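> This is the structure I want to talk about, given as structure tokens.
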Amino acid sequence: MTTTAAPATARKPATMAQALTRALRDAMADDPSVHVMGEDVGTLGGVFRVTDGLAKEFGEDRCTDTALAEAGILGTAVGMAMYGLRPVVEMQFDAFAYPAFEQLISHVARMRNRTRGALTMPLTIRIPYGGGIGGVEHHSDSSEAYYLATPGLQVVTPATVEDAYGLLRAAIASDDPVVFLEPKRLYWSKADWSPDAPTEVAPLGRAAVRRRGSSATLITYGPSLPVCMEAAEAAAAEGWDLEVVDLRSLMPFDEDTVCASVRRTGRAVVVHESNGFGGPGGEIAARITERCFHHLEAPVLRVAGFDIPYPPPMLERHHLPGVDRILDTVARLQWESDWTEGRGA
Amino acid sequence: MTVLEQPGSSRHKSSLAGPPPSWRPRVDPAPLLPDEEPYRLLGTDAAARLDSGLLTRLYTQLVRGRRYNAQATALTRQGRLAVYPSSTGQEACEVAAALALEERDWLFPSYRDTLAAVARGLDPVEALTLLRGDWHNGYDPREHRIAPLCTPLATQLPHAVGLAHAARLKGDEVVALAMVGDGGTSEGDFHEALNFAAVWQAPVVFLVQNNGFAISVPLAKQTAAPSLAHKAVGYGMPGRLVDGNDAPAMHEVLTEAVQRARRGGGPTLVEAVTYRIEAHTNADDATRYRSDAEVETWRAHDPIALLEHELAGRDLLTDAFVSATRDGAEQMAADLRERMNADPELDPMDLFTHVFAEQTSQLRAQAAQLRAELDAEADGHTDDAAGAEGSAEEARP
């Protein structure tokens, strides 16, 4: 048996967490101003091991274990960015980021604006988010709506291994702050992938059509993408040919891709884990209605988490949007039935 | 039954002897403790060693500072400033903060510290942009190495730590001096900033101006600490207590702290004991929470009068020097008044210019909407004036 050296572009199974690690490593190797900081990111390599090996390769000055203080981590990162560094901050879990909100909202989001562009905030805030991993309270929040409500922040969330690499590289390269939400239940999802392959680094603000279809569009992002893909396959058996759009970044929001898809299909469902009331789905549905009203065959519907504090792990499966709930909602898009209030048969 | 009463509890004796030897005191706290009395130079024998050049420089800046505060307060009465938090009575802290720094260093002022920025060389008009309301920050922070005047309390302190830390990582001998009030020391960001600074041994100086009140709340309701300078010990940095109205003492303590930081000695917390002679801002009624008698005792401890006494003792307070100093301050005030009395020229389209490096499609649409509204407004005006000034076409920019 002869062995040949694998080509540099060989694609092997890799997890999303590994792709994120590789993105951090490559960004640090390419640009000495990139600094990784946070609680446990050094010796331990992060509780999800996303920063594994970085302190060893780049030293503790470039991958720094900080004191346990989220406002301090982000606040000092602001000062480091003012001096020309590109900090990549890790907030260990979604709900742990809340103490840093004042720094995020009062300074990170508006420093460019406040100083008429003289001081920019090229920093990336990595936050593992969302549920589905059996975490106890404060370990499963979908907090994207808070960030979206703050002008000046970019909000990015990958759903595939390839995007985890590409979007994180793009986030670190951005001259504006990025809240980079990592769907923690996809950390161990795998795909054949190689960072050496000629991967296109997606610019922030471009949605991706993950599945072509003609009967309706599912609009989703992050942890809900695999659920939507599964739902689309299941719907095919029932005669529904669903298109699936992965937003990838919630801000900038790619209205053009979303609206082009909805104009083709005439029907839309927005799917996300975070609560529906005040959640991103309301904004997306409103924009679709404003821009595509005459193309719509049915109201834009939403499948979201319930409007409750994130439930305990033994109940979370009832809260998270699943395939069945998506299919039930798609069925309502026929708009011939009696489900609407006051207009029923 | 407690552990001690359990039969055979002698087996646990070793665990009652205290933490295992891996615990040890980390730092000797004694050298970090502040003096019992605020450090003073004026009126003491030590004042004799002070350099006359420094004293006259401080005096000139104090007089300018007082005049600046008076002028800015007058501008609020005329509606030219939305608000002005005066630092009258605290000028020695402001001036000393500016003069203790070298050009390469950074100043992180709070909203009351306009004067420190001006004493550092910032254009007095640019320093007032935030308070006039034409933009949030009127100068290039990088050019002057002055962070934007910070309105949220103590949130600029971690910025100072991060900047100083970054500078040290880059091998630059840059020091950051961050200013905060007594009220700000109760905020969480104060704690986190001091903790990070001490752990990183960042070249930072924290200057607390303890002026007695956070708006109306007196220090006793703000903290139970022996002094604010004592808080330093808990973080592992030295605390210094200074008479904030003694300009040379302030200058000496801050300069020492800056030099210590530059040498790699780490951060220092300086508490300046001073007093806010005016109300919190022009919108505040200070008579509701403090007595005239108290204010008068502090007027008797005025930073300018204290320095004048020393200058007079050295025969430096000549009529010529005093009038030249006053004339300089008057000229600055007249220039400030004149330039602030002109309406700033604003471009509403700037609203969209500095949100992101690249505008989003939503912002482009909103900018187009505002542009159309502005054009319609301009058309309306030119229609009104068309008879007198010619066609609307000509009037368009």
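Residue numbering restarts at 1 in every chain; chains get A, B, ... in the order shown in the structure tokens, and ligands count up from 1 in that same order.
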With a cut-off of 10 Å, could you pull out the residues of chain B touching chain A and give me the nearest pair of atoms for each, distance in Å to one decimal, using only C-alpha atoms, ordered by chain and ascending number, as CSV?

residue,atom,partner,partner_atom,distance
B:Leu130,CA,A:Arg114,CA,9.4
B:Trp135,CA,A:Arg114,CA,7.3
B:His136,CA,A:Arg114,CA,5.1
B:Asn137,CA,A:Thr115,CA,5.4
B:Gly138,CA,A:Thr115,CA,7.3
B:Tyr139,CA,A:Thr115,CA,7.3
B:Asp140,CA,A:Ala118,CA,5.8
B:Pro141,CA,A:Ala118,CA,7.0
B:Arg142,CA,A:Ala118,CA,7.2
B:Glu143,CA,A:Ala118,CA,9.1
B:Ala147,CA,A:Met82,CA,9.0
B:Pro148,CA,A:Thr115,CA,7.6
B:Cys150,CA,A:His107,CA,9.5
B:Thr151,CA,A:Ser106,CA,9.4
B:Pro152,CA,A:Ser106,CA,7.7
B:Thr155,CA,A:Gln103,CA,7.0
B:Gln156,CA,A:Gly75,CA,7.7
B:Leu157,CA,A:Gly75,CA,8.0
B:Pro158,CA,A:Thr76,CA,4.7
B:His159,CA,A:Gly79,CA,3.8
B:Ala160,CA,A:Gly79,CA,5.8
B:Val161,CA,A:Thr76,CA,5.9
B:Gly162,CA,A:Thr76,CA,3.8
B:Leu163,CA,A:Gly79,CA,4.1
B:Ala164,CA,A:Gly79,CA,7.7
B:His165,CA,A:Met80,CA,7.2
B:Ala166,CA,A:Met80,CA,5.2
B:Ala167,CA,A:Tyr83,CA,6.8
B:Leu169,CA,A:Asp61,CA,7.3
B:Lys170,CA,A:Ser33,CA,9.4
B:Gly188,CA,A:Ala71,CA,8.3
B:Asp189,CA,A:Gly72,CA,6.7
B:Phe190,CA,A:Gly72,CA,9.2
B:His191,CA,A:Gly72,CA,8.7
B:Glu192,CA,A:Gly72,CA,5.1
B:Ala193,CA,A:Gly72,CA,6.1
B:Leu194,CA,A:Gly72,CA,9.3
B:Asn195,CA,A:Ala67,CA,8.1
B:Phe196,CA,A:Ala67,CA,7.0
B:Ala197,CA,A:Thr76,CA,9.3
B:Val199,CA,A:Ala67,CA,8.2
B:Trp200,CA,A:Thr66,CA,9.1
B:Asp350,CA,A:Arg116,CA,8.5
B:Leu351,CA,A:Asn113,CA,8.5
B:Phe352,CA,A:Asn113,CA,8.9
B:Thr353,CA,A:Arg116,CA,8.0
B:His354,CA,A:Asn113,CA,4.6
B:Val355,CA,A:Asn113,CA,5.3
B:Phe356,CA,A:Gly152,CA,6.4
B:Ala357,CA,A:Asp176,CA,6.7
B:Glu358,CA,A:Asp176,CA,9.1
B:Gln359,CA,A:Pro252,CA,8.9
B:Thr360,CA,A:Pro252,CA,5.9
B:Ser361,CA,A:Glu255,CA,7.9
B:Gln362,CA,A:Phe253,CA,8.2
B:Leu363,CA,A:Pro252,CA,9.9
> Can you pull out the residues contacting segment 263-280 of chain A? Cut-off 9 Å, using only C-alpha atoms, and skip same-chain residues under 3 positions away; I want them as a PyMOL selection string.
chain A and resi 130-131+141-146+148+213-225+228+242-243+250+258-260+283-285+288+292+294-310+319-321+326+329-330+333-334
> Nearest to Val83 of chain B: which of B:Val253, B:Met237, B:Ala283, B:Leu228 is it, counting only C-alpha atoms?
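With only C-alpha atoms as the atom set, the closest residue is B:Ala283.
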> I'd like the neighbourhood of segment 37-54 of chain B as a CSV table (one decimal) with C-alpha atoms, in the first residue's frame, where a residue qualifies if any of its atoms comes within 8 Å (using only C-alpha atoms), though same-chain residues fewer than 5 positions away should be ignored.

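Everything below was put into part.csv:
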chain,number,residue,atom,x,y,z
B,241,LEU,CA,-4.1,61.1,51.3
B,242,VAL,CA,-3.5,64.7,50.2
B,243,ASP,CA,-4.8,68.1,50.9
B,246,ASP,CA,-2.7,72.5,48.4
B,248,PRO,CA,2.2,71.9,45.3
B,249,ALA,CA,1.3,69.0,47.6
B,272,ALA,CA,-7.5,64.5,47.4
B,273,VAL,CA,-9.5,66.0,50.3
B,306,LEU,CA,-3.2,79.3,50.1
B,307,LEU,CA,-0.7,79.6,47.3
B,310,GLU,CA,3.3,81.3,50.0
> Apply DSSP to the backbone of this structure and, from segment 96-282 of chain B, keep only the residues in helix (DSSP H, G or I); write these as a PyMOL selection string.
chain B and resi 96-99+114-119+126-132+141-144+156-169+183-186+188-200+219-222+231-235+247-262
> For Trp193 of chain A, work out the shell of residues within 7 Å, counting only C-alpha atoms and skipping chain neighbours fewer than 2 positions away, then give it as an mmCIF file with N, CA and C atoms, in the first residue's frame.

data_model
loop_
_atom_site.group_PDB
_atom_site.id
_atom_site.type_symbol
_atom_site.label_atom_id
_atom_site.label_comp_id
_atom_site.auth_asym_id
_atom_site.auth_seq_id
_atom_site.Cartn_x
_atom_site.Cartn_y
_atom_site.Cartn_z
ATOM 1 N N ARG A 11 -9.852 17.897 3.523
ATOM 2 C CA ARG A 11 -10.901 18.274 4.477
ATOM 3 C C ARG A 11 -11.180 17.097 5.383
ATOM 4 N N LYS A 12 -11.083 17.337 6.661
ATOM 5 C CA LYS A 12 -11.251 16.280 7.669
ATOM 6 C C LYS A 12 -12.354 16.714 8.625
ATOM 7 N N PRO A 13 -12.910 15.739 9.332
ATOM 8 C CA PRO A 13 -13.951 16.128 10.288
ATOM 9 C C PRO A 13 -13.375 17.084 11.342
ATOM 10 N N ALA A 14 -14.061 18.167 11.548
ATOM 11 C CA ALA A 14 -13.649 19.129 12.576
ATOM 12 C C ALA A 14 -14.904 19.626 13.280
ATOM 13 N N GLU A 162 -17.698 25.842 9.007
ATOM 14 C CA GLU A 162 -16.983 26.738 8.094
ATOM 15 C C GLU A 162 -17.217 28.209 8.465
ATOM 16 N N ALA A 191 -18.078 18.850 10.779
ATOM 17 C CA ALA A 191 -18.193 18.904 9.330
ATOM 18 C C ALA A 191 -16.815 18.627 8.768
ATOM 19 N N PRO A 195 -9.014 24.510 7.525
ATOM 20 C CA PRO A 195 -8.753 25.941 7.382
ATOM 21 C C PRO A 195 -7.777 26.215 6.244
#
> Write out as a PyMOL selection string the set of residues from segment 141-234 of chain B that DSSP, computed on the backbone, places in strand (DSSP E).
chain B and resi 176-181+204-210+213-214+217-218
> Of the candidates B:Ala202, B:Leu32, B:Ala92, B:Ala372, which shows the shortest atom-to-atom distance to His251 of chain B, using only C-alpha atoms?
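Selected residue with least distance to His251 of chain B: B:Ala92.
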